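Q: Sharing a structure with you now.
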Amino acid sequence: MKVAFVVQRYGLEISGGAELHCRWVAEHMSQYWEVEVLTTKALDYITWKNHFPRDEEIINGIKVRRFPVVRPRHPERFGRIQNYIFENEHTIEDELRWLEEEGPLAPSLISYIKENENKYDYFIFFSYRYYHSYWGIKAVPHKSLLVPTAEHDPVIYLRIFRDLFRLPRAFIYNSLEEREMIQKVANNEHIPGEVVGVGIEIPPLFSGEQFRKKYGLDGCYAIYIGRIDENKGCLELFDYFLRFKEETSSPLRLVLIGSTILKIPSHPDIIYLGFASEEDKFSALDGALLLFMPSFYESLSMVTLEAWALKKPVLVNGRCAVLKGQCLRANGGLYYENYDEFREALGLLISDSRLREVLGLRGYEYFKQNYTWEIIENKYLKIVEKLEQEKRT
């Protein structure tokens with residue numbers, strides 16, 4: 001079985017999102033299939049500028065074929081087009097123009113898929129909303145599986161995607177909420193679709209105690225891990241956290257790990273560490289009281305699974321249906337929908353060590369029952385085996 005994983009960016013430098021999800025799955029499934037990755041030469045997700053010089057390379061034993069982006073995204077022009085289609089009556093042509101600007105614009109990647117279709121048994125596309133998935137699935141619908149990584153934002157309602165969601169042979173969803181949303185948009189319940197998600201890679205060595213010593217962190221802290229931007233709820237988190245500090249005089253600190261496109265408030269109890277190695281990230285999580293997950297848009301929160309893998313409770317944005325659903329199914333944390341709820345929930349978690357312990361343990365059990373790599377791998381194998389059986393009948 002030869003399978004191509006098709007994704008917008010790929011590399012060891014990319015530490016989160018659908019791209020990391022894709023790499024982990026590709027590496028794990030290479031035990032069972034002959035796996036290749038088809039991707040672009042981009043690293044920066046804002047502009048998609050070409051970064052990687054080579055057309056082919058081997059990463060962790062997997063052949064990666066890279067295709068050039070012929071025109072980088074112009075963020076201001078893209079923003080104008082996006083605002084127009086979200087706020088006005090528009091045509092399919094307007095949406096396709098938006099898709100071209102969304103990028104990454106790599107027509108040679110699509111040409112390669114068309115010309116080499118017979119070399120692969122299946123193409124697994126990650127992230128529905130980009131150029132590579134839209135045109136790639138249209139090129140080989142009968143061999144396509146889609147991992148949508150769809151969030152509940154306005155993009156999901158564009159007409160071009162309603163049609164796209166009726167083309168693949170199968171869907172690999174991240175959550176029950178994602179499946180429900182896409183089926184409601186596209187009326188595509190007849191297409192096989194399993195809720196799978198992704199496993200977690202836990203480094204062999206990490207230590208919360210060593211992390212505290214390394215960064216001089218005495219006292220308690222909560223942690224946020226991920227991209228620090230507005231869509232991830234970080235501005236609201238800063239506002240809520242600082243209000244909580246002012247109203248309660250709590251000694252709690254907020255530690256931030258990840259790249260940022262926001263100005264982080266200057267405050268002695270907000271500590272920004274930037275990018276961290278996996279060992280440092282898990283050490284930071286190990287030393288924390290809890291994880292904040294304030295995002296408005298998710299298809300599955302990988303960092304929430306990482307917290308549960310370490311038996312840490314989470315405090316999540318309840319206005320994100322996926323996060324709320326994860327939290328309720330696992331019973332591994334609390335959620336908030338406004339500042340008052342944030343204040344009460346955070347106060348409870350800080351003051352009640354038994355509550356933190358129980359929620360962390362329940363999260364851990366949920367993680368073990370649903371997100372070990374053995375479970376994830378078997379789900380991918382069963383999906384493809386079912387498609388193979390359909391071919392034979």
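Residues are referred to by chain and number: the chain letter is A, B, ... according to the order shown in the structure tokens, the number counts from 1 in that chain, and ligands are numbered separately from 1 in the order shown.
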As a list in words, please: every residue in stretch 88-258 of chain A that a backbone DSSP assignment puts in strand (DSSP E).

A: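 Residues of stretch 88-258 of chain A classed as strand (DSSP E): Tyr122, Phe123, Ile124, Phe125, Phe126, Ser144, Leu145, Leu146, Val147, Ala170, Phe171, Ile172, Tyr173, Gly193, Glu194, Val195, Tyr221, Ala222, Ile223, Tyr224, Ile225, Arg253, Leu254, Val255, Leu256 and Ile257 of chain A.
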
Q: Store the residues picked out above, limited to N, CA and C atoms, as a compact mmCIF listing (two decimals), in the first residue's frame.

A:
```
# COMPACT_ATOMS: atom_id res chain seq x y z
N TYR A 122 -3.74 5.74 -2.17
CA TYR A 122 -4.59 6.77 -1.58
C TYR A 122 -3.79 8.04 -1.34
N PHE A 123 -4.52 9.16 -1.32
CA PHE A 123 -3.97 10.45 -0.94
C PHE A 123 -4.74 10.93 0.30
N ILE A 124 -4.03 11.20 1.38
CA ILE A 124 -4.67 11.69 2.60
C ILE A 124 -4.36 13.18 2.72
N PHE A 125 -5.39 14.00 2.57
CA PHE A 125 -5.25 15.45 2.58
C PHE A 125 -5.54 16.00 3.98
N PHE A 126 -4.69 16.89 4.44
CA PHE A 126 -4.88 17.56 5.72
C PHE A 126 -5.26 19.02 5.50
N SER A 144 -9.13 9.89 -2.53
CA SER A 144 -8.88 10.92 -1.50
C SER A 144 -9.52 10.57 -0.18
N LEU A 145 -8.76 10.76 0.89
CA LEU A 145 -9.28 10.81 2.25
C LEU A 145 -8.98 12.20 2.79
N LEU A 146 -9.92 12.78 3.52
CA LEU A 146 -9.74 14.14 4.01
C LEU A 146 -9.75 14.17 5.53
N VAL A 147 -8.69 14.76 6.10
CA VAL A 147 -8.64 15.10 7.52
C VAL A 147 -8.93 16.60 7.57
N ALA A 170 -13.54 9.10 1.96
CA ALA A 170 -13.78 8.98 3.40
C ALA A 170 -13.25 10.22 4.11
N PHE A 171 -13.80 10.45 5.30
CA PHE A 171 -13.34 11.52 6.18
C PHE A 171 -12.70 10.93 7.42
N ILE A 172 -11.67 11.61 7.91
CA ILE A 172 -11.05 11.27 9.19
C ILE A 172 -11.20 12.50 10.07
N TYR A 173 -12.18 12.47 10.93
CA TYR A 173 -12.53 13.65 11.73
C TYR A 173 -11.71 13.71 13.01
N GLY A 193 -17.13 8.33 7.55
CA GLY A 193 -16.38 9.31 8.33
C GLY A 193 -16.21 8.86 9.76
N GLU A 194 -14.97 8.57 10.14
CA GLU A 194 -14.69 8.14 11.50
C GLU A 194 -14.05 9.27 12.31
N VAL A 195 -14.39 9.34 13.59
CA VAL A 195 -13.72 10.27 14.51
C VAL A 195 -12.46 9.58 15.01
N TYR A 221 1.91 28.37 39.03
CA TYR A 221 1.64 28.99 37.73
C TYR A 221 0.69 28.12 36.92
N ALA A 222 -0.05 28.78 36.05
CA ALA A 222 -0.84 28.12 35.01
C ALA A 222 -0.14 28.37 33.69
N ILE A 223 -0.42 27.54 32.68
CA ILE A 223 0.34 27.62 31.44
C ILE A 223 -0.56 27.69 30.23
N TYR A 224 -0.10 28.45 29.23
CA TYR A 224 -0.71 28.43 27.90
C TYR A 224 0.38 28.00 26.93
N ILE A 225 0.07 27.04 26.07
CA ILE A 225 1.02 26.54 25.07
C ILE A 225 0.37 26.61 23.71
N ARG A 253 0.90 32.82 38.57
CA ARG A 253 1.57 33.36 37.39
C ARG A 253 1.03 32.70 36.14
N LEU A 254 1.22 33.36 35.02
CA LEU A 254 0.85 32.82 33.71
C LEU A 254 2.12 32.65 32.88
N VAL A 255 2.42 31.41 32.51
CA VAL A 255 3.57 31.10 31.66
C VAL A 255 3.08 30.84 30.25
N LEU A 256 3.73 31.48 29.26
CA LEU A 256 3.33 31.36 27.86
C LEU A 256 4.46 30.71 27.07
N ILE A 257 4.12 29.70 26.27
CA ILE A 257 5.09 29.04 25.39
C ILE A 257 4.52 29.02 23.98
```

Q: Excluding A:Asp55 and its own-chain neighbours fewer than 2 positions away, which residues fall within 8 Å of it when counting only C-alpha atoms? Please give them as a ChimeraX atom specification.

A: /A:53,57,65-67

Q: Go through A:Phe296, A:Trp308, A:Tyr45, A:Phe238 and flag the residue nearest A:Asn370, using only C-alpha atoms for the distances.

A: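 The answer is A:Trp308, which sits nearest to A:Asn370.
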
Q: Residues near A:Asn174, anyone? I mean within 12 Å using only C-alpha atoms, not counting same-chain ones fewer than 6 positions away, as a PyMOL selection string.

A: chain A and resi 18+21+126-127+146-151+180-182+193-199+298-302+322-323+325-326+370-371+376

Q: The selected residues should be written to file as a CSV table (one decimal), in the first residue's frame (atoms: N, CA and C atoms).

A:
```csv
chain,number,residue,atom,x,y,z
A,18,ALA,N,-2.2,21.4,12.2
A,18,ALA,CA,-2.5,20.3,11.3
A,18,ALA,C,-1.2,19.8,10.8
A,21,HIS,N,0.3,17.4,13.3
A,21,HIS,CA,-0.7,16.3,13.3
A,21,HIS,C,-0.4,15.4,12.1
A,126,PHE,N,-4.7,16.9,4.4
A,126,PHE,CA,-4.9,17.6,5.7
A,126,PHE,C,-5.3,19.0,5.5
A,127,SER,N,-6.3,19.5,6.2
A,127,SER,CA,-6.8,20.9,6.2
A,127,SER,C,-7.5,21.2,5.0
A,146,LEU,N,-9.9,12.8,3.5
A,146,LEU,CA,-9.7,14.1,4.0
A,146,LEU,C,-9.8,14.2,5.5
A,147,VAL,N,-8.7,14.8,6.1
A,147,VAL,CA,-8.6,15.1,7.5
A,147,VAL,C,-8.9,16.6,7.6
A,148,PRO,N,-10.2,17.0,7.8
A,148,PRO,CA,-10.5,18.4,7.5
A,148,PRO,C,-9.9,19.4,8.4
A,149,THR,N,-9.6,19.1,9.7
A,149,THR,CA,-9.2,20.0,10.7
A,149,THR,C,-10.0,21.3,10.7
A,150,ALA,N,-11.3,21.1,10.6
A,150,ALA,CA,-12.3,22.2,10.4
A,150,ALA,C,-12.7,22.9,11.8
A,151,GLU,N,-12.7,24.2,11.8
A,151,GLU,CA,-13.1,25.0,12.9
A,151,GLU,C,-14.4,25.7,12.6
A,180,GLU,N,-20.2,16.6,13.1
A,180,GLU,CA,-21.6,17.1,13.1
A,180,GLU,C,-21.7,18.4,12.3
A,181,MET,N,-20.7,19.3,12.4
A,181,MET,CA,-20.7,20.5,11.7
A,181,MET,C,-20.6,20.3,10.2
A,182,ILE,N,-19.7,19.5,9.8
A,182,ILE,CA,-19.4,19.3,8.3
A,182,ILE,C,-20.6,18.6,7.7
A,193,GLY,N,-17.1,8.3,7.6
A,193,GLY,CA,-16.4,9.3,8.3
A,193,GLY,C,-16.2,8.9,9.8
A,194,GLU,N,-15.0,8.6,10.1
A,194,GLU,CA,-14.7,8.1,11.5
A,194,GLU,C,-14.1,9.3,12.3
A,195,VAL,N,-14.4,9.3,13.6
A,195,VAL,CA,-13.7,10.3,14.5
A,195,VAL,C,-12.5,9.6,15.0
A,196,VAL,N,-11.3,10.2,14.7
A,196,VAL,CA,-10.0,9.5,15.0
A,196,VAL,C,-9.2,10.4,15.9
A,197,GLY,N,-8.9,11.6,15.4
A,197,GLY,CA,-8.0,12.5,16.2
A,197,GLY,C,-6.5,12.2,16.0
A,198,VAL,N,-5.7,12.3,17.0
A,198,VAL,CA,-4.3,12.1,16.9
A,198,VAL,C,-3.7,11.7,18.2
A,199,GLY,N,-2.6,10.9,18.2
A,199,GLY,CA,-2.0,10.5,19.4
A,199,GLY,C,-1.0,11.6,19.9
A,298,GLU,N,-11.3,25.5,17.2
A,298,GLU,CA,-10.5,24.3,17.2
A,298,GLU,C,-11.3,23.2,16.5
A,299,SER,N,-10.5,22.2,16.0
A,299,SER,CA,-11.1,21.0,15.6
A,299,SER,C,-10.8,19.9,16.5
A,300,LEU,N,-9.7,20.0,17.2
A,300,LEU,CA,-9.2,19.1,18.3
A,300,LEU,C,-8.0,19.8,19.0
A,301,SER,N,-8.0,19.9,20.3
A,301,SER,CA,-6.9,20.5,21.0
A,301,SER,C,-5.9,19.5,21.3
A,302,MET,N,-4.8,19.5,20.6
A,302,MET,CA,-3.7,18.5,20.9
A,302,MET,C,-3.0,18.8,22.3
A,322,VAL,N,-16.0,22.5,20.4
A,322,VAL,CA,-15.0,21.3,20.4
A,322,VAL,C,-14.4,21.2,21.8
A,323,LEU,N,-13.9,22.4,22.3
A,323,LEU,CA,-13.2,22.3,23.6
A,323,LEU,C,-14.2,21.9,24.7
A,325,GLY,N,-16.9,20.2,24.4
A,325,GLY,CA,-17.2,18.8,24.2
A,325,GLY,C,-16.1,17.9,24.7
A,326,GLN,N,-14.8,18.2,24.4
A,326,GLN,CA,-13.7,17.4,24.9
A,326,GLN,C,-13.7,17.4,26.4
A,370,ASN,N,-8.7,6.7,24.4
A,370,ASN,CA,-9.0,7.2,23.0
A,370,ASN,C,-7.9,7.7,22.2
A,371,TYR,N,-6.7,8.0,22.8
A,371,TYR,CA,-5.7,8.7,22.0
A,371,TYR,C,-4.3,8.1,22.2
A,376,ILE,N,-5.0,5.0,17.5
A,376,ILE,CA,-5.1,5.9,16.3
A,376,ILE,C,-4.7,5.1,15.1
```

Q: Name the closest residue to A:Ser133 among the candidates A:Cys320, A:Val185, A:Leu381, A:Val6; distances are taken between atoms, counting only C-alpha atoms.

A: A:Val6

Q: Need to verify the contact set: A:Gln8, 7 Å, only C-alpha atoms, exclusion of same-chain residues closer than 4 positions in sequence. Can you return it as a list in words?

A: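 Everything that qualifies: Thr39, Thr40, Pro104 and His132 of chain A.
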
Q: Print the selection's residues with N, CA and C atoms to a file, as a PDB file, in the first residue's frame.

A:
```
ATOM      1  N   THR A  39       4.110  18.300  -0.290  1.00  0.00           N
ATOM      2  CA  THR A  39       3.907  19.565   0.404  1.00  0.00           C
ATOM      3  C   THR A  39       4.561  20.696  -0.377  1.00  0.00           C
ATOM      4  N   THR A  40       4.597  21.873   0.217  1.00  0.00           N
ATOM      5  CA  THR A  40       5.193  23.033  -0.434  1.00  0.00           C
ATOM      6  C   THR A  40       6.557  23.341   0.172  1.00  0.00           C
ATOM      7  N   PRO A 104      -1.499  27.812   0.150  1.00  0.00           N
ATOM      8  CA  PRO A 104      -0.304  28.239  -0.579  1.00  0.00           C
ATOM      9  C   PRO A 104      -0.411  27.855  -2.060  1.00  0.00           C
ATOM     10  N   HIS A 132      -4.125  23.302  -1.704  1.00  0.00           N
ATOM     11  CA  HIS A 132      -3.689  21.932  -2.012  1.00  0.00           C
ATOM     12  C   HIS A 132      -4.818  20.929  -1.831  1.00  0.00           C
TER      13      HIS A 132
END
```

Q: As JSON, numbers by chain, please: every residue in stretch 55-221 of chain A that a backbone DSSP assignment puts in helix (DSSP H, G or I).

A: {"A": [75, 76, 77, 78, 79, 80, 81, 82, 83, 84, 85, 86, 87, 92, 93, 94, 95, 96, 97, 98, 99, 100, 101, 102, 107, 108, 109, 110, 111, 112, 113, 114, 115, 117, 118, 119, 131, 132, 133, 134, 135, 136, 137, 138, 139, 141, 142, 143, 154, 155, 156, 157, 159, 160, 161, 162, 163, 164, 176, 177, 178, 179, 180, 181, 182, 183, 184, 185, 186, 208, 209, 210, 211, 212, 213, 214, 215]}

Q: Which residues come within 8 Å of A:Ala284, counting only C-alpha atoms, excluding same-chain residues fewer than 2 positions away, as a PyMOL selection string?

A: chain A and resi 207-208+211-212+223+280-282+286-288

Q: Could you please determine the separation between atom CA of A:Ile156 and atom CA of A:Asn88 in Å, to one decimal place?

A: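 Atom-to-atom, atom CA of A:Ile156 and atom CA of A:Asn88 are spaced 16.0 Å apart.
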
Q: Could you give me, as number ranges by chain, the residues within 12 Å of A:Leu289, counting only C-alpha atoms and dropping anything in the same chain fewer than 3 positions from it?

A: A: 208, 219-224, 252-255, 284-286, 292, 307, 310-315, 333, 346-357, 359-360

Q: How about saving the chosen residues, C-alpha atoms kept, as a PDB file, in the first residue's frame?

A:
```pdb
ATOM      1  CA  GLY A 208       8.589  20.186  36.320  1.00  0.00           C
ATOM      2  CA  GLY A 219       5.197  29.587  43.518  1.00  0.00           C
ATOM      3  CA  CYS A 220       2.277  28.365  41.425  1.00  0.00           C
ATOM      4  CA  TYR A 221       1.638  28.992  37.732  1.00  0.00           C
ATOM      5  CA  ALA A 222      -0.838  28.118  35.013  1.00  0.00           C
ATOM      6  CA  ILE A 223       0.344  27.621  31.443  1.00  0.00           C
ATOM      7  CA  TYR A 224      -0.706  28.431  27.902  1.00  0.00           C
ATOM      8  CA  LEU A 252      -0.725  32.762  40.364  1.00  0.00           C
ATOM      9  CA  ARG A 253       1.572  33.364  37.395  1.00  0.00           C
ATOM     10  CA  LEU A 254       0.854  32.818  33.709  1.00  0.00           C
ATOM     11  CA  VAL A 255       3.574  31.101  31.663  1.00  0.00           C
ATOM     12  CA  ALA A 284       6.666  23.294  31.898  1.00  0.00           C
ATOM     13  CA  LEU A 285       3.344  21.452  31.729  1.00  0.00           C
ATOM     14  CA  ASP A 286       4.489  19.016  34.410  1.00  0.00           C
ATOM     15  CA  PHE A 292      -5.432  27.333  29.893  1.00  0.00           C
ATOM     16  CA  ALA A 307      -2.118  18.052  29.553  1.00  0.00           C
ATOM     17  CA  LEU A 310       0.390  14.329  32.288  1.00  0.00           C
ATOM     18  CA  LYS A 311      -2.732  14.212  34.531  1.00  0.00           C
ATOM     19  CA  LYS A 312      -3.165  17.991  34.471  1.00  0.00           C
ATOM     20  CA  PRO A 313      -6.620  19.617  34.527  1.00  0.00           C
ATOM     21  CA  VAL A 314      -7.614  22.199  31.920  1.00  0.00           C
ATOM     22  CA  LEU A 315      -9.637  25.400  31.909  1.00  0.00           C
ATOM     23  CA  GLY A 333     -11.426  20.172  33.408  1.00  0.00           C
ATOM     24  CA  LEU A 346      -9.961  29.411  38.152  1.00  0.00           C
ATOM     25  CA  GLY A 347     -10.464  30.196  41.804  1.00  0.00           C
ATOM     26  CA  LEU A 348     -11.822  26.683  42.377  1.00  0.00           C
ATOM     27  CA  LEU A 349      -8.940  25.016  40.560  1.00  0.00           C
ATOM     28  CA  ILE A 350      -6.295  27.022  42.416  1.00  0.00           C
ATOM     29  CA  SER A 351      -7.760  26.440  45.862  1.00  0.00           C
ATOM     30  CA  ASP A 352      -8.770  22.773  45.625  1.00  0.00           C
ATOM     31  CA  SER A 353      -5.860  20.399  45.070  1.00  0.00           C
ATOM     32  CA  ARG A 354      -8.150  17.368  45.309  1.00  0.00           C
ATOM     33  CA  LEU A 355     -10.322  18.729  42.484  1.00  0.00           C
ATOM     34  CA  ARG A 356      -7.232  19.272  40.314  1.00  0.00           C
ATOM     35  CA  GLU A 357      -6.089  15.723  41.036  1.00  0.00           C
ATOM     36  CA  LEU A 359      -9.932  16.118  37.000  1.00  0.00           C
ATOM     37  CA  GLY A 360      -6.368  15.360  35.911  1.00  0.00           C
TER      38      GLY A 360
END
```
